[in-house]
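Engineer: Structure provided below as structure tokens; questions to follow.
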Amino acid sequence: MKIGTRDMILVGLFAALTAIGAYLKIPTQPVPITLQILFCMYAGVLLGSKLGFLSQFVYVLMGLIGLPVFAGGMSGFSYVLKPTFGYLIGFILCGFIIGKLTEKINDITGINGLIKLFIATVIGLGAVYIIGVPYLYVIFNTYLGKSIDFNTAMKYGFYPFIIQDLVKCFIVAITAVKVLPAIRRAGFANGSENIYE
């Protein structure tokens, strides 16, 4: 994969935005409400699958090597043992999935474009929860030694957040349907072979 200067800037920008989103939070336990997923979705929609994936990978890597970019200013490799780390893995897949699905949408205009973009973001969001909730369940029951059933894991890491996250999906879709057509006409859209040359 060829990474040009523009690519690196965009990847760094969305990694930084995701990090900022970790600080814009409402403290709830065990999963804080943050704006990380919003910027993760935008990374996929605006950067495409490869750079969307890379931006979130860089974000997670920054935290693991010690930069205080995770929720609550936390960092370090030991964060892999936190119940919330599975959601961060999900962010990486989310950026890729949303980017890939968006690349396949040829006509991003009108209600049809809005629906397709919304579906793409919901599928990407699903990847976050599919990894995040089981990870939370396993960490609680093994590393933390706190026996919980899977429904309790859902109560901690899914039910309180799904509505607000679906609202974020809609926000991303409704803004992207306005912005992406113009970006594509200018030759900077995801999925184009000559964007990042």
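The chains in the structure tokens are called A, B, ... from first to last as shown; in each chain the residues are counted from 1, and the ligands are counted from 1 in the order shown.
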Please list as a list in words every residue within 10 Å of Thr18 (chain A), counting only C-alpha atoms and excluding residues in the same chain fewer than 4 positions away.
Structural biologist: Gly12, Leu13, Phe14, Ala22, Tyr23, Leu24, Thr34, Leu35, Gln36, Ile37, Leu38, Phe39, Cys40, Met41, Tyr42, Ala43, Ser55, Gln56, Tyr59, Val60, Val69, Phe70 and Phe91 of chain A
Engineer: When DSSP works through the backbone of this structure, what residues of region 4-196 of chain A end up as strand (DSSP E), shown as a ChimeraX atom specification?
Structural biologist: /A:25-26,33-34
Engineer: Go ahead and write the selection's residues with N, CA, C and O atoms as an mmCIF file, in the first residue's frame.
Structural biologist:
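Printed below is selection01.cif as written:
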data_model
loop_
_atom_site.group_PDB
_atom_site.id
_atom_site.type_symbol
_atom_site.label_atom_id
_atom_site.label_comp_id
_atom_site.auth_asym_id
_atom_site.auth_seq_id
_atom_site.Cartn_x
_atom_site.Cartn_y
_atom_site.Cartn_z
ATOM 1 N N LYS A 25 -16.124 13.154 26.990
ATOM 2 C CA LYS A 25 -16.834 11.972 27.472
ATOM 3 C C LYS A 25 -17.752 12.283 28.647
ATOM 4 O O LYS A 25 -17.587 13.283 29.340
ATOM 5 N N ILE A 26 -18.709 11.390 28.815
ATOM 6 C CA ILE A 26 -19.555 11.364 30.002
ATOM 7 C C ILE A 26 -19.128 10.136 30.791
ATOM 8 O O ILE A 26 -19.223 9.008 30.284
ATOM 9 N N ILE A 33 -19.061 7.023 27.841
ATOM 10 C CA ILE A 33 -19.647 7.547 26.612
ATOM 11 C C ILE A 33 -18.682 8.589 26.049
ATOM 12 O O ILE A 33 -18.368 9.575 26.709
ATOM 13 N N THR A 34 -18.188 8.341 24.844
ATOM 14 C CA THR A 34 -17.247 9.271 24.221
ATOM 15 C C THR A 34 -17.669 9.539 22.774
ATOM 16 O O THR A 34 -18.605 8.927 22.267
#
Engineer: Would you mind listing what lies within 12 Å of region 167-174 of chain A as a PyMOL selection string, with only C-alpha atoms counted and same-chain residues fewer than 5 positions away left out?
Structural biologist: chain A and resi 33-46+94+98+102+108-126+161-162+179-180
Engineer: Which of region 87-167 of chain A counts as alpha helix (DSSP H) under DSSP, as a PyMOL selection string please?
Structural biologist: chain A and resi 87-103+110-141+150-157+162-167
Engineer: Can you measure CA of Lys155 (chain A) to CA of Pro134 (chain A) for me? One decimal in Å is fine.
Structural biologist: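 Straight-line distance from CA of Lys155 (chain A) to CA of Pro134 (chain A) works out to 12.1 Å.
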Engineer: Could you list, as number ranges by chain, every residue within 12 Å of Ser75 (chain A), counting only C-alpha atoms and ignoring same-chain residues fewer than 2 positions away?
Structural biologist: A: 19, 22, 59-73, 77-82, 85
Engineer: Let me see the file: selected residues, N, CA, C and O atoms, as a short mmCIF file (atom, residue, chain, number, x, y, z; two decimals), in the first residue's frame.
Structural biologist:
data_model
loop_
_atom_site.label_atom_id
_atom_site.label_comp_id
_atom_site.auth_asym_id
_atom_site.auth_seq_id
_atom_site.Cartn_x
_atom_site.Cartn_y
_atom_site.Cartn_z
N ALA A 19 -8.55 10.43 19.26
CA ALA A 19 -7.97 10.65 20.59
C ALA A 19 -8.68 11.78 21.31
O ALA A 19 -9.00 11.67 22.51
N ALA A 22 -11.89 10.77 22.82
CA ALA A 22 -11.80 10.02 24.07
C ALA A 22 -11.90 10.94 25.28
O ALA A 22 -12.31 10.52 26.36
N TYR A 59 -4.19 5.15 16.02
CA TYR A 59 -4.74 5.64 17.29
C TYR A 59 -4.52 4.62 18.41
O TYR A 59 -4.02 4.97 19.49
N VAL A 60 -4.89 3.37 18.16
CA VAL A 60 -4.72 2.33 19.17
C VAL A 60 -3.25 2.12 19.50
O VAL A 60 -2.86 1.99 20.67
N LEU A 61 -2.41 2.13 18.48
CA LEU A 61 -0.97 1.95 18.68
C LEU A 61 -0.40 3.08 19.54
O LEU A 61 0.44 2.84 20.42
N MET A 62 -0.85 4.31 19.29
CA MET A 62 -0.36 5.44 20.09
C MET A 62 -0.65 5.21 21.57
O MET A 62 0.20 5.48 22.43
N GLY A 63 -1.85 4.73 21.87
CA GLY A 63 -2.19 4.47 23.26
C GLY A 63 -1.38 3.34 23.86
O GLY A 63 -0.93 3.42 25.01
N LEU A 64 -1.16 2.29 23.10
CA LEU A 64 -0.43 1.13 23.62
C LEU A 64 1.04 1.44 23.90
O LEU A 64 1.64 0.85 24.81
N ILE A 65 1.61 2.38 23.14
CA ILE A 65 3.03 2.70 23.38
C ILE A 65 3.20 3.78 24.45
O ILE A 65 4.33 4.16 24.77
N GLY A 66 2.09 4.26 25.00
CA GLY A 66 2.21 5.14 26.16
C GLY A 66 1.65 6.53 26.04
O GLY A 66 1.65 7.27 27.03
N LEU A 67 1.16 6.93 24.87
CA LEU A 67 0.56 8.26 24.75
C LEU A 67 -0.84 8.23 25.39
O LEU A 67 -1.60 7.30 25.15
N PRO A 68 -1.19 9.23 26.17
CA PRO A 68 -2.46 9.20 26.92
C PRO A 68 -3.66 9.55 26.04
O PRO A 68 -4.29 10.60 26.21
N VAL A 69 -3.99 8.66 25.13
CA VAL A 69 -5.05 8.95 24.15
C VAL A 69 -6.33 8.14 24.38
O VAL A 69 -7.33 8.39 23.71
N PHE A 70 -6.29 7.18 25.30
CA PHE A 70 -7.50 6.41 25.57
C PHE A 70 -8.41 7.17 26.53
O PHE A 70 -8.01 8.17 27.12
N ALA A 71 -9.63 6.69 26.68
CA ALA A 71 -10.60 7.36 27.55
C ALA A 71 -10.01 7.53 28.95
O ALA A 71 -9.39 6.62 29.50
N GLY A 72 -10.18 8.73 29.50
CA GLY A 72 -9.65 9.02 30.82
C GLY A 72 -8.17 9.31 30.84
O GLY A 72 -7.55 9.36 31.90
N GLY A 73 -7.57 9.50 29.66
CA GLY A 73 -6.14 9.78 29.60
C GLY A 73 -5.28 8.57 29.88
O GLY A 73 -4.09 8.70 30.16
N PHE A 77 0.53 -0.68 27.39
CA PHE A 77 0.15 -2.00 26.87
C PHE A 77 -0.78 -2.74 27.81
O PHE A 77 -1.55 -3.59 27.39
N SER A 78 -0.71 -2.42 29.10
CA SER A 78 -1.59 -3.08 30.07
C SER A 78 -3.07 -2.78 29.80
O SER A 78 -3.94 -3.46 30.35
N TYR A 79 -3.33 -1.78 28.95
CA TYR A 79 -4.73 -1.43 28.64
C TYR A 79 -5.44 -2.58 27.92
O TYR A 79 -6.67 -2.62 27.91
N VAL A 80 -4.67 -3.51 27.36
CA VAL A 80 -5.31 -4.66 26.69
C VAL A 80 -6.09 -5.50 27.70
O VAL A 80 -6.97 -6.29 27.31
N LEU A 81 -5.82 -5.33 28.98
CA LEU A 81 -6.52 -6.07 30.02
C LEU A 81 -7.70 -5.30 30.59
O LEU A 81 -8.35 -5.77 31.53
N LYS A 82 -7.98 -4.14 30.05
CA LYS A 82 -9.15 -3.37 30.45
C LYS A 82 -10.39 -3.91 29.73
O LYS A 82 -10.30 -4.32 28.56
N PHE A 85 -11.04 -2.53 26.08
CA PHE A 85 -10.09 -2.59 24.98
C PHE A 85 -10.68 -3.25 23.73
O PHE A 85 -10.29 -2.91 22.60
#
Engineer: For CA of Leu10 (chain A) and CA of Val128 (chain A), determine how far apart the two atoms are, in Å to one decimal place.
Structural biologist: 22.0 Å
Engineer: Go ahead and compute the interatomic distance for CA of Ile20 (chain A) and CA of Leu88 (chain A), in Å to one decimal.
Structural biologist: 14.2 Å
Engineer: Between A:Pro160, A:Pro181, A:Pro27, A:Gly48, which one has atoms that come closest to Lys104 (chain A), using only C-alpha atoms?
Structural biologist: A:Gly48
Engineer: Counting only C-alpha atoms, which residue out of A:Arg184, A:Lys178, A:Arg6, A:Lys100 sits closest to Lys50 (chain A)?
Structural biologist: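 Using only C-alpha atoms, Lys50 (chain A) sits closest to A:Lys100.
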Engineer: With only C-alpha atoms as the basis for distance, which of A:Phe53, A:Phe150, A:Tyr129, A:Tyr135 is at the shortest distance from Gly95 (chain A)?
Structural biologist: A:Phe53
